[in-house]
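S.K.: What follows is entry-v5.txt, compact mmCIF, C-alpha atoms and all ligand atoms.
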```
# COMPACT_ATOMS: atom_id res chain seq x y z
CA MET K 1 153.92 -19.30 -0.55
CA THR K 2 152.32 -17.91 -3.72
CA LYS K 3 150.14 -20.02 -6.01
CA ALA K 4 152.94 -20.28 -8.60
CA ALA K 5 155.35 -21.59 -5.98
CA ALA K 6 152.76 -24.05 -4.63
CA ASP K 7 151.85 -25.20 -8.16
CA LEU K 8 155.50 -25.69 -8.92
CA LYS K 9 155.65 -28.26 -6.17
CA THR K 10 152.44 -30.07 -7.14
CA GLU K 11 153.39 -29.94 -10.83
CA ALA K 12 156.80 -31.38 -10.08
CA PRO K 13 156.49 -35.16 -10.25
CA SER K 14 159.57 -37.10 -9.32
CA VAL K 15 160.67 -40.23 -11.10
CA THR K 16 159.60 -42.19 -8.05
CA ALA K 17 155.98 -41.11 -8.66
CA LEU K 18 155.52 -42.59 -12.09
CA PRO K 19 152.25 -43.83 -13.53
CA VAL K 20 151.69 -47.45 -12.53
CA ARG K 21 151.92 -48.79 -16.09
CA VAL K 22 155.42 -47.43 -16.49
CA ALA K 23 156.58 -48.17 -12.96
CA ALA K 24 155.37 -51.76 -13.20
CA ASN K 25 156.93 -52.55 -16.54
CA ALA K 26 159.94 -50.35 -17.00
CA PRO K 27 163.37 -50.61 -15.45
CA ILE K 28 163.13 -47.44 -13.38
CA GLU K 29 165.87 -47.41 -10.80
CA ALA K 30 165.55 -45.87 -7.36
CA HIS K 31 167.85 -43.02 -8.34
CA GLY K 32 166.65 -42.38 -11.82
CA ILE K 33 165.95 -43.92 -15.16
CA ALA K 34 167.88 -46.91 -16.43
CA ARG K 35 170.08 -45.93 -19.34
CA ASN K 36 169.05 -47.32 -22.72
CA PRO K 37 171.60 -50.02 -23.58
CA GLY K 38 170.38 -50.17 -27.17
CA MET K 39 169.66 -53.40 -29.00
CA LYS K 40 170.60 -55.14 -32.22
CA LEU K 41 169.39 -53.42 -35.35
CA ASP K 42 166.05 -55.08 -36.04
CA LEU K 43 165.15 -54.43 -39.67
CA GLY K 44 161.99 -56.53 -39.32
CA PHE K 45 160.77 -54.22 -36.55
CA LEU K 46 161.52 -51.19 -38.71
CA GLU K 47 159.64 -52.79 -41.58
CA SER K 48 156.65 -53.38 -39.33
CA MET K 49 156.33 -49.68 -38.51
CA ARG K 50 153.25 -48.53 -40.31
CA ASN K 51 153.12 -45.66 -42.73
CA VAL K 52 152.53 -42.42 -40.92
CA ASN K 53 149.26 -40.62 -41.42
CA ARG K 54 150.28 -36.96 -41.45
CA SER K 55 146.75 -35.56 -41.36
CA ALA K 56 145.88 -37.75 -38.34
CA LEU K 57 148.96 -36.45 -36.53
CA GLU K 58 148.04 -32.88 -37.42
CA ARG K 59 144.50 -33.38 -36.13
CA ARG K 60 145.82 -34.82 -32.88
CA VAL K 61 148.19 -31.86 -32.45
CA ALA K 62 145.37 -29.40 -33.14
CA SER K 63 143.11 -31.02 -30.57
CA LEU K 64 145.87 -31.17 -27.95
CA THR K 65 146.90 -27.56 -28.30
CA LYS K 66 143.36 -26.14 -28.54
CA ARG K 67 141.34 -28.24 -26.13
CA ARG K 68 143.92 -29.09 -23.51
CA SER K 69 145.50 -25.71 -22.93
CA ILE K 70 146.96 -25.01 -19.51
CA LYS K 71 144.72 -22.90 -17.27
CA ALA K 72 145.91 -19.32 -16.83
CA ASP K 73 146.18 -19.85 -13.05
CA ASN K 74 148.73 -22.65 -13.53
CA GLN K 75 150.73 -21.09 -16.31
CA ALA K 76 153.42 -19.54 -14.12
CA ALA K 77 154.27 -22.94 -12.61
CA TRP K 78 154.40 -24.54 -16.05
CA LEU K 79 156.63 -21.76 -17.37
CA LEU K 80 159.02 -22.32 -14.48
CA ARG K 81 159.01 -25.97 -15.47
CA SER K 82 159.85 -24.99 -19.05
CA ILE K 83 162.95 -23.22 -17.72
CA SER K 84 164.06 -26.30 -15.81
CA LEU K 85 163.62 -28.41 -18.97
CA MET K 86 165.73 -26.13 -21.13
CA ASP K 87 169.11 -26.63 -22.75
CA LEU K 88 170.01 -22.94 -22.86
CA THR K 89 171.87 -22.74 -26.14
CA THR K 90 174.27 -20.54 -28.03
CA LEU K 91 175.43 -21.80 -31.42
CA ASN K 92 176.51 -18.70 -33.25
CA SER K 93 179.47 -18.06 -35.50
CA ASN K 94 180.36 -15.06 -33.32
CA ASP K 95 180.30 -16.93 -29.97
CA THR K 96 183.20 -16.06 -27.68
CA ASP K 97 184.32 -17.25 -24.27
CA GLU K 98 183.02 -14.00 -22.80
CA ARG K 99 179.56 -14.42 -24.34
CA VAL K 100 179.43 -18.01 -23.16
CA ARG K 101 180.40 -16.95 -19.62
CA ARG K 102 177.58 -14.41 -19.63
CA LEU K 103 175.14 -17.05 -20.85
CA CYS K 104 176.26 -19.36 -18.06
CA ALA K 105 175.71 -16.55 -15.54
CA LYS K 106 172.19 -16.22 -16.94
CA ALA K 107 171.67 -19.98 -16.58
CA ILE K 108 172.75 -19.83 -12.94
CA ASN K 109 170.42 -16.88 -12.24
CA PRO K 110 167.80 -17.07 -14.98
CA LEU K 111 165.18 -14.86 -13.32
CA ARG K 112 165.44 -11.34 -11.94
CA ALA K 113 165.25 -11.05 -8.16
CA ASP K 114 161.93 -9.18 -8.26
CA ILE K 115 160.35 -12.00 -10.30
CA ILE K 116 161.69 -14.65 -7.91
CA GLU K 117 160.34 -12.67 -4.99
CA GLY K 118 157.01 -11.93 -6.66
CA LEU K 119 156.48 -15.63 -7.38
CA GLY K 120 157.42 -16.52 -3.81
CA LEU K 121 160.11 -18.97 -4.91
CA GLY K 122 162.31 -18.37 -1.89
CA ASP K 123 165.34 -20.66 -2.11
CA GLU K 124 163.80 -22.82 -4.84
CA LYS K 125 166.45 -22.97 -7.57
CA ILE K 126 164.88 -22.74 -11.01
CA ARG K 127 167.61 -23.24 -13.59
CA PRO K 128 167.97 -24.61 -17.11
CA ALA K 129 168.99 -28.27 -17.22
CA ALA K 130 172.04 -27.58 -19.39
CA VAL K 131 174.00 -25.00 -21.29
CA CYS K 132 174.61 -26.13 -24.88
CA VAL K 133 177.62 -24.86 -26.85
CA TYR K 134 180.07 -25.65 -29.64
CA HIS K 135 183.15 -27.66 -28.70
CA PRO K 136 185.57 -24.71 -28.30
CA PHE K 137 183.43 -23.38 -25.43
CA VAL K 138 182.95 -26.62 -23.49
CA ALA K 139 185.80 -26.02 -21.05
CA THR K 140 184.65 -22.44 -20.38
CA THR K 141 181.09 -23.66 -19.79
CA ALA K 142 182.19 -26.50 -17.53
CA GLU K 143 184.20 -24.07 -15.42
CA ALA K 144 181.39 -21.48 -15.29
CA VAL K 145 178.62 -23.87 -14.19
CA LYS K 146 180.76 -26.04 -11.90
CA GLY K 147 178.92 -27.02 -8.72
CA THR K 148 175.52 -25.74 -9.90
CA GLY K 149 174.07 -29.02 -11.19
CA ILE K 150 173.69 -27.53 -14.66
CA HIS K 151 174.81 -29.99 -17.32
CA VAL K 152 177.30 -29.13 -20.05
CA ALA K 153 176.05 -30.09 -23.52
CA ALA K 154 178.22 -29.95 -26.64
CA VAL K 155 177.00 -30.15 -30.22
CA SER K 156 179.31 -32.50 -31.96
CA THR K 157 180.07 -34.66 -35.03
CA SER K 158 180.54 -31.78 -37.44
CA PHE K 159 177.37 -29.96 -36.41
CA PRO K 160 175.09 -29.02 -38.13
CA HIS K 161 175.58 -31.23 -41.23
CA GLY K 162 177.51 -34.22 -39.91
CA LEU K 163 179.58 -34.52 -43.06
CA ALA K 164 183.15 -34.84 -41.74
CA PRO K 165 184.92 -38.24 -41.82
CA LEU K 166 183.62 -40.60 -39.14
CA ARG K 167 186.97 -40.69 -37.32
CA THR K 168 186.98 -36.87 -37.10
CA ARG K 169 183.44 -36.85 -35.74
CA ILE K 170 184.30 -39.44 -33.11
CA GLN K 171 187.41 -37.48 -32.09
CA GLU K 172 185.25 -34.39 -31.67
CA ILE K 173 183.04 -36.25 -29.19
CA GLU K 174 186.09 -37.51 -27.29
CA ALA K 175 187.53 -34.00 -27.13
CA SER K 176 184.28 -32.51 -25.77
CA VAL K 177 183.98 -35.22 -23.13
CA ALA K 178 187.62 -34.62 -22.14
CA ASP K 179 186.87 -30.89 -21.78
CA GLY K 180 183.94 -31.54 -19.43
CA ALA K 181 180.81 -32.13 -21.53
CA ASP K 182 178.46 -34.63 -19.90
CA GLU K 183 175.91 -34.46 -22.70
CA ILE K 184 176.74 -34.78 -26.39
CA ASP K 185 174.33 -33.74 -29.14
CA VAL K 186 175.34 -35.48 -32.38
CA VAL K 187 173.92 -34.99 -35.85
CA ILE K 188 173.29 -37.73 -38.35
CA PRO K 189 174.29 -37.46 -42.01
CA ARG K 190 170.83 -37.13 -43.56
CA GLY K 191 171.95 -38.97 -46.71
CA LEU K 192 172.04 -42.23 -44.75
CA VAL K 193 168.29 -41.87 -44.19
CA PHE K 194 167.51 -41.04 -47.83
CA GLY K 195 169.51 -44.07 -48.91
CA ALA K 196 167.82 -46.27 -46.24
CA LYS K 197 171.36 -47.13 -45.12
CA TRP K 198 170.08 -48.19 -41.70
CA GLN K 199 173.00 -50.48 -40.85
CA GLU K 200 175.52 -47.69 -41.55
CA LEU K 201 173.48 -45.18 -39.56
CA TYR K 202 173.15 -47.66 -36.68
CA ASP K 203 176.89 -48.41 -36.70
CA GLU K 204 177.80 -44.71 -36.64
CA ILE K 205 175.50 -44.03 -33.69
CA VAL K 206 176.84 -47.07 -31.82
CA ALA K 207 180.33 -45.60 -32.30
CA PHE K 208 179.14 -42.19 -31.08
CA ARG K 209 177.65 -43.79 -27.99
CA ALA K 210 180.91 -45.62 -27.27
CA ALA K 211 182.85 -42.35 -27.64
CA CYS K 212 180.46 -40.66 -25.19
CA GLY K 213 181.21 -43.09 -22.37
CA GLU K 214 179.22 -41.85 -19.38
CA ALA K 215 178.12 -38.69 -21.18
CA HIS K 216 174.54 -38.86 -22.41
CA LEU K 217 173.95 -39.06 -26.13
CA LYS K 218 171.30 -36.97 -27.90
CA VAL K 219 170.84 -37.81 -31.56
CA ILE K 220 169.72 -34.94 -33.79
CA LEU K 221 167.84 -36.10 -36.86
CA GLY K 222 167.58 -32.80 -38.74
CA THR K 223 163.90 -33.55 -39.30
CA GLY K 224 163.36 -30.54 -41.57
CA ASP K 225 165.69 -32.26 -44.05
CA LEU K 226 164.19 -35.74 -43.87
CA ALA K 227 161.29 -35.18 -46.31
CA THR K 228 158.78 -37.65 -44.82
CA LEU K 229 157.40 -38.46 -41.39
CA ARG K 230 158.12 -42.13 -42.06
CA ASN K 231 161.81 -41.23 -42.45
CA VAL K 232 161.60 -39.35 -39.15
CA MET K 233 160.07 -42.35 -37.36
CA LEU K 234 162.53 -44.85 -38.85
CA ALA K 235 165.57 -42.67 -38.10
CA SER K 236 164.29 -42.18 -34.52
CA MET K 237 163.94 -45.93 -34.09
CA VAL K 238 167.42 -46.68 -35.48
CA ALA K 239 168.91 -44.06 -33.14
CA MET K 240 167.19 -45.63 -30.12
CA MET K 241 168.23 -49.16 -31.16
CA ALA K 242 171.81 -47.88 -31.40
CA GLY K 243 171.70 -46.60 -27.82
CA ALA K 244 170.54 -42.96 -27.97
CA ASP K 245 169.57 -41.49 -24.61
CA PHE K 246 167.54 -38.79 -26.36
CA VAL K 247 166.27 -38.20 -29.86
CA LYS K 248 166.28 -34.57 -30.92
CA THR K 249 164.46 -32.91 -33.80
CA SER K 250 166.70 -30.26 -35.30
CA THR K 251 169.94 -28.33 -35.22
CA GLY K 252 168.20 -24.95 -35.39
CA LYS K 253 169.98 -24.45 -38.74
CA GLU K 254 167.53 -26.24 -41.07
CA SER K 255 164.92 -24.15 -42.87
CA VAL K 256 162.18 -26.04 -40.97
CA ASN K 257 162.90 -26.71 -37.31
CA ALA K 258 160.87 -28.37 -34.55
CA THR K 259 157.19 -28.71 -35.41
CA LEU K 260 154.53 -30.37 -33.29
CA PRO K 261 153.44 -32.98 -35.91
CA VAL K 262 157.06 -34.08 -36.37
CA GLY K 263 157.47 -34.07 -32.60
CA LEU K 264 154.39 -36.27 -32.28
CA ALA K 265 155.81 -38.74 -34.81
CA MET K 266 159.03 -38.97 -32.77
CA VAL K 267 157.13 -39.29 -29.51
CA ARG K 268 155.13 -42.18 -30.98
CA SER K 269 158.44 -43.84 -31.93
CA ILE K 270 159.62 -43.39 -28.34
CA ARG K 271 156.42 -45.08 -27.17
CA ALA K 272 156.90 -47.95 -29.66
CA TYR K 273 160.50 -48.42 -28.47
CA PHE K 274 159.37 -48.43 -24.85
CA GLU K 275 156.68 -51.02 -25.60
CA HIS K 276 159.27 -53.14 -27.45
CA THR K 277 162.15 -52.88 -24.93
CA GLY K 278 160.91 -51.35 -21.65
CA TYR K 279 163.41 -48.46 -21.93
CA LEU K 280 162.40 -44.83 -21.64
CA ILE K 281 164.05 -42.51 -24.15
CA GLY K 282 164.23 -38.74 -23.84
CA PHE K 283 162.96 -36.24 -26.38
CA LYS K 284 164.42 -32.85 -27.27
CA PRO K 285 162.59 -30.55 -29.65
CA ALA K 286 164.99 -27.81 -30.74
CA GLY K 287 165.12 -24.96 -33.17
CA GLY K 288 162.64 -22.10 -33.45
CA ILE K 289 161.02 -22.63 -30.04
CA SER K 290 161.11 -19.06 -28.83
CA THR K 291 157.78 -18.30 -27.16
CA ALA K 292 156.40 -19.24 -23.77
CA LYS K 293 153.15 -20.32 -25.45
CA ALA K 294 155.03 -22.70 -27.78
CA SER K 295 156.80 -24.26 -24.80
CA LEU K 296 153.44 -24.92 -23.12
CA ASP K 297 152.12 -26.61 -26.28
CA TRP K 298 155.11 -28.97 -26.20
CA LEU K 299 154.55 -29.76 -22.52
CA VAL K 300 150.89 -30.56 -23.17
CA LEU K 301 151.94 -32.85 -26.02
CA MET K 302 154.42 -34.71 -23.80
CA LYS K 303 152.05 -35.06 -20.87
CA GLU K 304 149.16 -36.31 -23.02
CA GLU K 305 151.18 -38.66 -25.22
CA LEU K 306 153.85 -40.08 -22.89
CA GLY K 307 152.86 -38.99 -19.37
CA ARG K 308 154.41 -37.20 -16.43
CA PRO K 309 157.88 -38.82 -16.54
CA TRP K 310 158.49 -36.87 -19.76
CA LEU K 311 158.09 -33.59 -17.90
CA GLU K 312 161.39 -34.24 -16.14
CA PRO K 313 164.81 -33.10 -17.40
CA GLU K 314 165.94 -36.74 -17.50
CA LEU K 315 163.48 -37.32 -20.34
CA PHE K 316 162.65 -33.97 -21.90
CA ARG K 317 164.56 -30.88 -22.97
CA PHE K 318 163.90 -27.83 -25.08
CA GLY K 319 166.88 -26.81 -27.21
CA ALA K 320 166.45 -23.06 -27.30
CA SER K 321 168.48 -19.88 -27.51
CA SER K 322 165.78 -17.24 -26.95
CA LEU K 323 162.91 -19.02 -25.16
CA LEU K 324 164.10 -17.93 -21.72
CA THR K 325 163.70 -14.27 -22.65
CA ASP K 326 160.03 -14.70 -23.52
CA ILE K 327 159.32 -16.84 -20.48
CA GLU K 328 160.81 -14.17 -18.22
CA ARG K 329 158.65 -11.52 -19.91
CA GLN K 330 155.53 -13.65 -19.47
CA LEU K 331 156.32 -14.24 -15.80
CA GLU K 332 156.73 -10.51 -15.33
CA HIS K 333 153.39 -10.00 -17.04
CA HIS K 334 151.85 -12.61 -14.76
CA LEU K 335 153.03 -10.60 -11.75
CA THR K 336 152.48 -7.04 -12.92
CA GLY K 337 149.98 -7.21 -15.78
CA ARG K 338 152.55 -5.42 -17.96
CA TYR K 339 155.10 -6.53 -20.54
CA SER K 340 158.61 -5.16 -20.44
CA ALA K 341 161.03 -4.73 -23.33
CA ASN K 342 163.23 -7.70 -24.27
CA HIS K 343 166.38 -5.78 -23.35
CA ARG K 344 165.33 -5.91 -19.71
CA HIS K 345 165.87 -9.70 -19.90
CA ALA K 346 169.39 -9.76 -21.25
CA MET K 347 170.74 -13.18 -22.24
CA ALA K 348 174.45 -12.84 -22.92
O1 LIG W 401 169.81 -27.07 -30.28
C1 LIG W 401 169.34 -25.97 -30.20
C2 LIG W 401 169.06 -25.07 -31.30
O2 LIG W 401 170.18 -24.83 -32.06
C3 LIG W 401 168.50 -23.77 -30.82
O3 LIG W 401 167.77 -23.20 -31.84
P1 LIG W 401 167.15 -21.72 -31.69
O4 LIG W 401 168.32 -20.77 -31.76
O5 LIG W 401 166.23 -21.58 -32.86
O6 LIG W 401 166.44 -21.62 -30.38
```
Could you render the structure from this file as structure tokens?
M.R.:
Amino acid sequence: MTKAAADLKTEAPSVTALPVRVAANAPIEAHGIARNPGMKLDLGFLESMRNVNRSALERRVASLTKRRSIKADNQAAWLLRSISLMDLTTLNSNDTDERVRRLCAKAINPLRADIIEGLGLGDEKIRPAAVCVYHPFVATTAEAVKGTGIHVAAVSTSFPHGLAPLRTRIQEIEASVADGADEIDVVIPRGLVFGAKWQELYDEIVAFRAACGEAHLKVILGTGDLATLRNVMLASMVAMMAGADFVKTSTGKESVNATLPVGLAMVRSIRAYFEHTGYLIGFKPAGGISTAKASLDWLVLMKEELGRPWLEPELFRFGASSLLTDIERQLEHHLTGRYSANHRHAMA
């Protein structure tokens, strides 16, 4: 077994090997993580959330990404982990069933045979956690990944702006679930945050969660639109109180997508919610994460701020359309010392 393959095993904590503090206090079930049931909207708790110190968050991010970088020797294992934490995404106006089928084929076999062999992965299946598509491609995706363990994620609720009537947005969720989506990424109407309409936002997300049924709910905040980090933290908290399984940064369509300081603000909200309720909420940075190095920075942030459980697909995902290409190139470089052209790592 090569070092990368061995590291993959040692770097692969299971949810049964959680840090004591979490295992002792949180409702971790034998077969996974207890689903967040949500709670009543607690405006007093929101009020008690302190103002966010942006420069302190930026300093923390700088120290995490500079001083706690992953050693070169371990990078291959961590990059393999980044693949397994990925929602491999296509959200383009020119998506077609054929493109989506090709993307699913890539998800099922994300690495070239020579890279798998070079890393000594043997039968170890390294695959993205989910394929993420628009509603019209849910059925195609569900059919293409059937039996592989890859989840089917649909962006929903009038993505990316969330401005259709509520009933329409709920029907969209129901339609995606009926077509085979087991994860639903909803967007919030940003105006509800600007207007501090927390009750309305909470009620909408509760309705989204009900429409999801067993499908897991990821709530996209559109953080690049939210103007302040305090808005980001408050919107994250309302989403979790309303029963979100994950909070997600961005649609990939805002002018500013996932940034580490915003991610840190959301991660701190996840910690506050955990301390308040005992429930572990997932985090999905998405939009503009396209380099292997960026993915490692996010993993360092998660490990240092929330701990090992958030390096599992149950609690962490990258939403990314082109990250896999760069990771494959970096793995090839790790093996050969050379970079190949992007076209050798075709996506779809
Ligand atoms: O949810 C995922 C994002 O839309 C993907 O954004 P990206 O194309 O910038 O990777």
S.K.: Calculate how many Å separate atom CA of Val267 of chain K from atom CA of Leu217 of chain K, rounding to one decimal.
M.R.: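 Atom CA of Val267 of chain K sits 17.2 Å away from atom CA of Leu217 of chain K.
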S.K.: If the limit is 6 Å from any atom of ligand LIG 401 (chain W), counting all atoms listed in the file, which residues qualify? Return them as a count of residues only.
M.R.: 11
S.K.: Rank nothing, just name the residue among K:Ala130, K:Ala105, K:Val100, K:Ile33 nearest to Trp310 of chain K, using all atoms listed in the file.
M.R.: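 Closest residue, counting all atoms listed in the file: K:Ile33.
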S.K.: Would you pick out the contacts of Trp298 of chain K at 9 Å or less, using only C-alpha atoms, so that residues sharing its chain but fewer than 2 positions from it are not included, and give the list as a VMD selection string?
M.R.: chain K and resid 65 260 263 285 293 to 296 300 to 303 318
S.K.: Hey, which of K:Ile327, K:Ile115, K:Ile220, K:Val177 ends up closest to Pro160 of chain K? Count all atoms listed in the file.
M.R.: K:Ile220
S.K.: Kindly indicate which residue among K:Glu204, K:Glu183, K:Asp97, K:Glu117 lies nearest to Glu143 of chain K, using only C-alpha atoms for the distances.
M.R.: K:Asp97
S.K.: Edge lengths and centre in Å to one decimal, as AutoDock Vina command-line options, is what I'm after for the box along x, y and z that holds all listed atoms of segment 272-291 of chain K once 8 Å is added on each side.
M.R.:
```
--center_x 160.9 --center_y -35.7 --center_z -27.5 --size_x 24.4 --size_y 50.8 --size_z 27.8
```
S.K.: Nearest to Gly243 of chain K: which of K:His276, K:Arg169, K:Lys66, K:Arg209 is it, counting all atoms listed in the file?
M.R.: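 The answer is K:Arg209, which sits nearest to Gly243 of chain K.
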S.K.: Name the closest residue to Ile205 of chain K among the candidates K:Met49, K:Val145, K:Leu41, K:Ala34; distances are taken between atoms, counting only C-alpha atoms.
M.R.: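 Answer, going by the shortest atom-to-atom distance: K:Leu41.
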S.K.: List as number ranges by chain the protein and nucleic acid residues near segment 231-242 of chain K, meaning an atom at most 6 Å away when only C-alpha atoms are counted, but skip any in the same chain fewer than 5 places from it.
M.R.: K: 38-39, 202, 205-206, 266, 269
